[in-house]
Amino acid sequence: MIEIEFEPSSVSTCECCGKDTVHLTRFVKSDGNAYAVYHLMYTPVHEPDYMSGLISLGKWGESATQADRLAFPFRLWKTKDSYGVGESTASRRRRCKSSALTFSIRSTCMGNNV
């Protein structure tokens with residue numbers, strides 16, 4: 001069974017506009033074992049309206065190494081009738097960039113060059 005642990009959100013100040021940026025971290029377990037983690041961040045007043053995130057999948061036990069995990073960026077957005085998930089690439093990043101997401105991901109558990 002898949003379980004998602006919902007950690008409390010945190011808020012920082014956007015480096016380009018000074019508004020609040022929300023950070024979410026979620027841990028995923030499969031049959032009671034750590035399986036994945038994902039991080040999301042968004043600034044509600046920014047356009048376009050989407051969240052940027054990073055997912056890491058793989059082994060998380062004490063003997064697991066960085067080579068046992070895979071990480072990739074994504075975007076999450078809402079339209080009038082549905083939700084969308086898509087890839088996030090360097091050429092499509094918005095102009096307002098924050099190092100906070102990269103820092104939190106690398107310092108928390110990824111260890112991969114994302």
# chains A, B, ... in the order shown; residues from 1 in each chain; ligands from 1
>>> closest_atom_pairs(of="segment 46-76 of chain A", to="segment 23-30 of chain A", cutoff="10 Å", atoms="only C-alpha atoms", output="CSV")
residue,atom,partner,partner_atom,distance
A:Met51,CA,A:His23,CA,9.7
A:Ser52,CA,A:His23,CA,9.8
A:Gly53,CA,A:Leu24,CA,9.1
A:Leu54,CA,A:Thr25,CA,9.8
A:Ile55,CA,A:Arg26,CA,9.6
A:Ser56,CA,A:Phe27,CA,9.8
A:Leu57,CA,A:Val28,CA,9.1
>>> atom_distance(atom1="atom CA of Met41 of chain A", atom2="atom CA of Glu5 of chain A")
16.9 Å
>>> atom_distance(atom1="atom CA of Lys59 of chain A", atom2="atom CA of Pro73 of chain A")
18.4 Å
>>> atom_distance(atom1="atom CA of Ala36 of chain A", atom2="atom CA of Ser10 of chain A")
19.7 Å
>>> residues_around(residues="Pro44 of chain A", least_positions_apart="5", cutoff="12 Å", atoms="only C-alpha atoms", output="list in words")
Val11, Thr13, Cys14, Cys17, Gly18, Lys19, Asp20, Thr21, Val22, His23, Asp49, Tyr50, Met51, Ser52 and Trp77 of chain A
>>> write_last_selection(atoms="C-alpha atoms", output="CSV table (one decimal), in the first residue's frame")
chain,number,residue,atom,x,y,z
A,11,VAL,CA,7.2,29.9,3.6
A,13,THR,CA,10.4,35.3,0.6
A,14,CYS,CA,10.7,35.2,-3.2
A,17,CYS,CA,9.3,40.0,-6.0
A,18,GLY,CA,9.4,39.8,-2.2
A,19,LYS,CA,6.1,37.9,-1.9
A,20,ASP,CA,5.6,34.6,0.0
A,21,THR,CA,6.8,31.4,-1.6
A,22,VAL,CA,5.3,28.2,-0.3
A,23,HIS,CA,7.4,25.0,0.1
A,49,ASP,CA,0.3,29.8,-12.3
A,50,TYR,CA,2.1,26.5,-11.6
A,51,MET,CA,4.1,24.7,-9.0
A,52,SER,CA,7.7,23.6,-9.6
A,77,TRP,CA,-0.8,23.2,-12.7
